[in-house]
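One file, input-v7.cif, is given below (mmCIF, C-alpha atoms).
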data_protein
loop_
_atom_site.group_PDB
_atom_site.id
_atom_site.type_symbol
_atom_site.label_atom_id
_atom_site.label_comp_id
_atom_site.auth_asym_id
_atom_site.auth_seq_id
_atom_site.Cartn_x
_atom_site.Cartn_y
_atom_site.Cartn_z
ATOM 1 C CA GLY A 1 88.879 -11.075 73.688
ATOM 2 C CA MET A 2 86.514 -11.820 76.508
ATOM 3 C CA ASP A 3 87.819 -12.196 80.032
ATOM 4 C CA LEU A 4 86.362 -15.506 81.146
ATOM 5 C CA THR A 5 88.160 -15.522 84.483
ATOM 6 C CA ARG A 6 86.438 -12.440 85.858
ATOM 7 C CA ASP A 7 83.488 -14.024 87.631
ATOM 8 C CA ALA A 8 84.479 -17.680 87.595
ATOM 9 C CA ASP A 9 84.713 -17.718 91.362
ATOM 10 C CA ASP A 10 81.205 -16.498 92.137
ATOM 11 C CA GLY A 11 79.595 -19.938 92.084
ATOM 12 C CA GLU A 12 80.748 -23.207 93.538
ATOM 13 C CA ALA A 13 82.939 -24.153 90.607
ATOM 14 C CA PRO A 14 83.503 -27.894 90.383
ATOM 15 C CA VAL A 15 87.053 -28.905 91.169
ATOM 16 C CA ALA A 16 87.168 -31.016 88.020
ATOM 17 C CA GLY A 17 87.180 -27.817 86.010
ATOM 18 C CA GLY A 18 90.675 -27.191 87.286
ATOM 19 C CA LYS A 19 89.564 -23.807 88.612
ATOM 20 C CA ARG A 20 91.157 -24.406 91.999
ATOM 21 C CA THR A 21 93.625 -21.847 93.191
ATOM 22 C CA SER A 22 95.613 -24.093 95.476
ATOM 23 C CA ALA A 23 98.841 -22.773 96.863
ATOM 24 C CA PHE A 24 101.753 -24.886 98.020
ATOM 25 C CA LEU A 25 104.211 -24.197 100.776
ATOM 26 C CA ASP A 26 107.426 -26.220 100.747
ATOM 27 C CA LEU A 27 108.891 -27.122 104.105
ATOM 28 C CA PRO A 28 112.619 -27.573 104.626
ATOM 29 C CA GLU A 29 113.833 -31.158 104.385
ATOM 30 C CA MET A 30 113.589 -33.036 107.664
ATOM 31 C CA THR A 31 115.545 -36.019 108.934
ATOM 32 C CA VAL A 32 114.541 -37.868 112.099
ATOM 33 C CA ASN A 33 115.471 -41.086 113.841
ATOM 34 C CA LEU A 34 112.659 -43.591 113.682
ATOM 35 C CA ALA A 35 111.681 -45.562 116.770
ATOM 36 C CA PRO A 36 113.124 -49.085 116.802
ATOM 37 C CA GLY A 37 110.869 -51.619 115.133
ATOM 38 C CA GLY A 38 111.351 -54.109 117.950
ATOM 39 C CA GLY A 39 113.145 -56.857 116.043
ATOM 40 C CA PRO A 40 116.255 -58.466 117.604
ATOM 41 C CA GLN A 41 118.529 -57.281 114.768
ATOM 42 C CA ASP A 42 116.924 -53.898 114.671
ATOM 43 C CA ARG A 43 119.279 -51.191 113.588
ATOM 44 C CA GLN A 44 118.697 -47.467 113.685
ATOM 45 C CA HIS A 45 116.628 -46.162 110.799
ATOM 46 C CA PHE A 46 116.416 -42.588 109.609
ATOM 47 C CA LEU A 47 113.486 -41.029 107.858
ATOM 48 C CA ARG A 48 114.240 -38.252 105.413
ATOM 49 C CA MET A 49 111.327 -36.333 104.030
ATOM 50 C CA LYS A 50 110.397 -33.311 102.009
ATOM 51 C CA ILE A 51 106.877 -32.099 102.548
ATOM 52 C CA ALA A 52 104.710 -29.514 100.861
ATOM 53 C CA LEU A 53 101.583 -28.153 102.495
ATOM 54 C CA GLU A 54 98.621 -27.724 100.181
ATOM 55 C CA LEU A 55 96.580 -24.644 100.994
ATOM 56 C CA ASN A 56 93.302 -23.391 99.627
ATOM 57 C CA GLU A 57 94.575 -20.014 98.553
ATOM 58 C CA GLN A 58 97.752 -18.033 98.187
ATOM 59 C CA LYS A 59 97.041 -15.652 101.054
ATOM 60 C CA GLN A 60 97.227 -18.551 103.511
ATOM 61 C CA VAL A 61 100.910 -18.950 102.728
ATOM 62 C CA GLY A 62 101.514 -15.672 104.528
ATOM 63 C CA GLU A 63 99.363 -16.784 107.480
ATOM 64 C CA ILE A 64 101.165 -20.093 107.923
ATOM 65 C CA GLN A 65 104.738 -18.992 107.226
ATOM 66 C CA PRO A 66 105.236 -17.371 110.658
ATOM 67 C CA MET A 67 104.045 -20.613 112.284
ATOM 68 C CA LEU A 68 106.473 -22.880 110.444
ATOM 69 C CA PRO A 69 108.710 -23.481 113.481
ATOM 70 C CA ARG A 70 105.665 -24.835 115.311
ATOM 71 C CA VAL A 71 104.667 -26.923 112.280
ATOM 72 C CA LEU A 72 108.146 -28.433 111.955
ATOM 73 C CA ASP A 73 108.258 -29.147 115.673
ATOM 74 C CA THR A 74 104.893 -30.930 115.459
ATOM 75 C CA PHE A 75 106.134 -33.104 112.605
ATOM 76 C CA GLN A 76 109.430 -33.921 114.277
ATOM 77 C CA ILE A 77 107.758 -35.026 117.518
ATOM 78 C CA PHE A 78 105.264 -37.146 115.636
ATOM 79 C CA MET A 79 107.801 -38.734 113.305
ATOM 80 C CA ARG A 80 110.108 -39.778 116.108
ATOM 81 C CA GLU A 81 107.362 -42.093 117.336
ATOM 82 C CA LEU A 82 107.059 -43.837 113.982
ATOM 83 C CA ARG A 83 108.519 -47.259 113.343
ATOM 84 C CA PRO A 84 109.735 -48.404 109.930
ATOM 85 C CA GLN A 85 106.692 -50.673 109.560
ATOM 86 C CA ASP A 86 104.359 -47.681 109.990
ATOM 87 C CA LEU A 87 105.602 -46.448 106.628
ATOM 88 C CA GLU A 88 104.999 -49.621 104.673
ATOM 89 C CA GLY A 89 102.586 -49.633 101.774
ATOM 90 C CA SER A 90 100.165 -47.045 100.522
ATOM 91 C CA ALA A 91 97.798 -47.621 103.459
ATOM 92 C CA GLY A 92 100.556 -46.703 105.900
ATOM 93 C CA LEU A 93 101.373 -43.543 103.972
ATOM 94 C CA TYR A 94 97.721 -42.618 103.720
ATOM 95 C CA ARG A 95 97.304 -42.917 107.483
ATOM 96 C CA LEU A 96 100.493 -40.947 107.972
ATOM 97 C CA LYS A 97 99.186 -38.115 105.777
ATOM 98 C CA GLU A 98 95.842 -38.034 107.580
ATOM 99 C CA GLU A 99 97.466 -37.947 110.994
ATOM 100 C CA MET A 100 99.992 -35.284 109.994
ATOM 101 C CA THR A 101 97.306 -33.157 108.377
ATOM 102 C CA ARG A 102 95.260 -33.333 111.564
ATOM 103 C CA ARG A 103 98.235 -32.347 113.704
ATOM 104 C CA VAL A 104 99.402 -29.530 111.470
ATOM 105 C CA ASN A 105 95.893 -28.052 111.528
ATOM 106 C CA VAL A 106 96.017 -27.958 115.310
ATOM 107 C CA ALA A 107 99.370 -26.176 115.061
ATOM 108 C CA VAL A 108 98.302 -23.515 112.546
ATOM 109 C CA HIS A 109 94.719 -22.940 113.708
ATOM 110 C CA PRO A 110 92.797 -20.807 112.719
ATOM 111 C CA ALA A 111 94.606 -21.088 109.382
ATOM 112 C CA ARG A 112 93.973 -24.343 107.562
ATOM 113 C CA VAL A 113 96.024 -26.852 105.601
ATOM 114 C CA GLU A 114 94.083 -28.876 103.026
ATOM 115 C CA ALA A 115 96.569 -31.683 102.597
ATOM 116 C CA ILE A 116 100.149 -32.770 102.988
ATOM 117 C CA LEU A 117 102.158 -33.890 100.002
ATOM 118 C CA PHE A 118 105.232 -36.050 100.332
ATOM 119 C CA LYS A 119 107.661 -34.823 97.719
ATOM 120 C CA GLU A 120 110.329 -37.180 98.984
ATOM 121 C CA LEU A 121 110.195 -39.929 101.580
ATOM 122 C CA MET A 122 113.196 -42.126 102.241
ATOM 123 C CA VAL A 123 113.898 -44.562 105.015
ATOM 124 C CA GLN A 124 117.590 -45.271 105.464
#
Could you rewrite the structure in this file as structure tokens?
Amino acid sequence: GMDLTRDADDGEAPVAGGKRTSAFLDLPEMTVNLAPGGGPQDRQHFLRMKIALELNEQKQVGEIQPMLPRVLDTFQIFMRELRPQDLEGSAGLYRLKEEMTRRVNVAVHPARVEAILFKELMVQ
């Protein structure tokens, strides 16, 4: 049969065609103490999360892997400043993703992370 994949990447293929070769890099599970929310009865909350980094192409996995300690450190520092109410609702999570994506891109520059996916996010 004909090989239709051969020159599919020459043009700007629309993403809707599903012709995106994203790669994903799973990070180890992280648990951090959240900052107190400020209420009088406030008890200590923990945030447990599993994150995957979405990358544009497979070869970036190899570029970012050596920098994972720096990436994890960046996330840990950032997440310790969060309060439980920062994680409420989809708007909170959206902001969280944007902010983490921005910070991880500083950490891995010149490599680039397209997005952050929360595979698991639990406040305890």
Please identify all polymer residues within 10 Å of range 32-37 of chain A, counting only C-alpha atoms, omitting same-chain residues fewer than 5 positions from it, and present them as a ChimeraX atom specification. /A:42-49,75-86,123-124
For the residues in the current selection, export C-alpha atoms as a compact mmCIF listing (two decimals), in the coordinates of the input.
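Listing of out-v7.txt after writing:
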# COMPACT_ATOMS: atom_id res chain seq x y z
CA ASP A 42 116.92 -53.90 114.67
CA ARG A 43 119.28 -51.19 113.59
CA GLN A 44 118.70 -47.47 113.68
CA HIS A 45 116.63 -46.16 110.80
CA PHE A 46 116.42 -42.59 109.61
CA LEU A 47 113.49 -41.03 107.86
CA ARG A 48 114.24 -38.25 105.41
CA MET A 49 111.33 -36.33 104.03
CA PHE A 75 106.13 -33.10 112.60
CA GLN A 76 109.43 -33.92 114.28
CA ILE A 77 107.76 -35.03 117.52
CA PHE A 78 105.26 -37.15 115.64
CA MET A 79 107.80 -38.73 113.30
CA ARG A 80 110.11 -39.78 116.11
CA GLU A 81 107.36 -42.09 117.34
CA LEU A 82 107.06 -43.84 113.98
CA ARG A 83 108.52 -47.26 113.34
CA PRO A 84 109.74 -48.40 109.93
CA GLN A 85 106.69 -50.67 109.56
CA ASP A 86 104.36 -47.68 109.99
CA VAL A 123 113.90 -44.56 105.02
CA GLN A 124 117.59 -45.27 105.46
Compile the contact shell of Leu117 in chain A as an MDAnalysis selection string: residues with an atom at most 9 Å away, counting only C-alpha atoms, same-chain residues fewer than 6 positions apart removed. chainID A and resid 50:54 97
Could you tell me how far CA of Leu55 in chain A lies from CA of Phe24 in chain A, in Å and to one decimal?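 So the answer is 6.0 Å.
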With distances taken over only C-alpha atoms, which residue among A:Gly89, A:Arg70, A:Val113, A:Arg95 lies nearest Ser22 in chain A?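 For Ser22 in chain A, the nearest of the given residues is A:Val113.
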All residues 10 Å or closer to His109 in chain A, only C-alpha atoms, same chain fewer than 5 positions away omitted, as a VMD selection string: chain A and resid 63 to 64 67 104
Rank nothing, just name the residue among A:Ala23, A:Leu87, A:Leu121, A:Val71 nearest to Val106 in chain A, using all atoms listed in the file.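 Closest to Val106 in chain A, using all atoms listed in the file: A:Val71.
Here the question is which of A:Pro28, A:Gly62, A:Pro69, A:Gly92 gets nearest to Arg112 in chain A using only C-alpha atoms, and that residue is A:Gly62.
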Between CA of Leu25 in chain A and CA of Ala111 in chain A, distance in Å (one decimal):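 Separation between CA of Leu25 in chain A and CA of Ala111 in chain A: 13.3 Å.
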How many Å lie between CA of Ala107 in chain A and CA of Gln58 in chain A, rounded to one decimal? 18.8 Å
Step by step, gather every atom of range 42-53 of chain A that the file lists, find the box along x, y and z that holds them, add 8 Å on each side, and finally give centre and edge lengths in Å to one decimal, as AutoDock Vina command-line options.
--center_x 110.4 --center_y -41.0 --center_z 107.8 --size_x 33.7 --size_y 41.7 --size_z 29.8
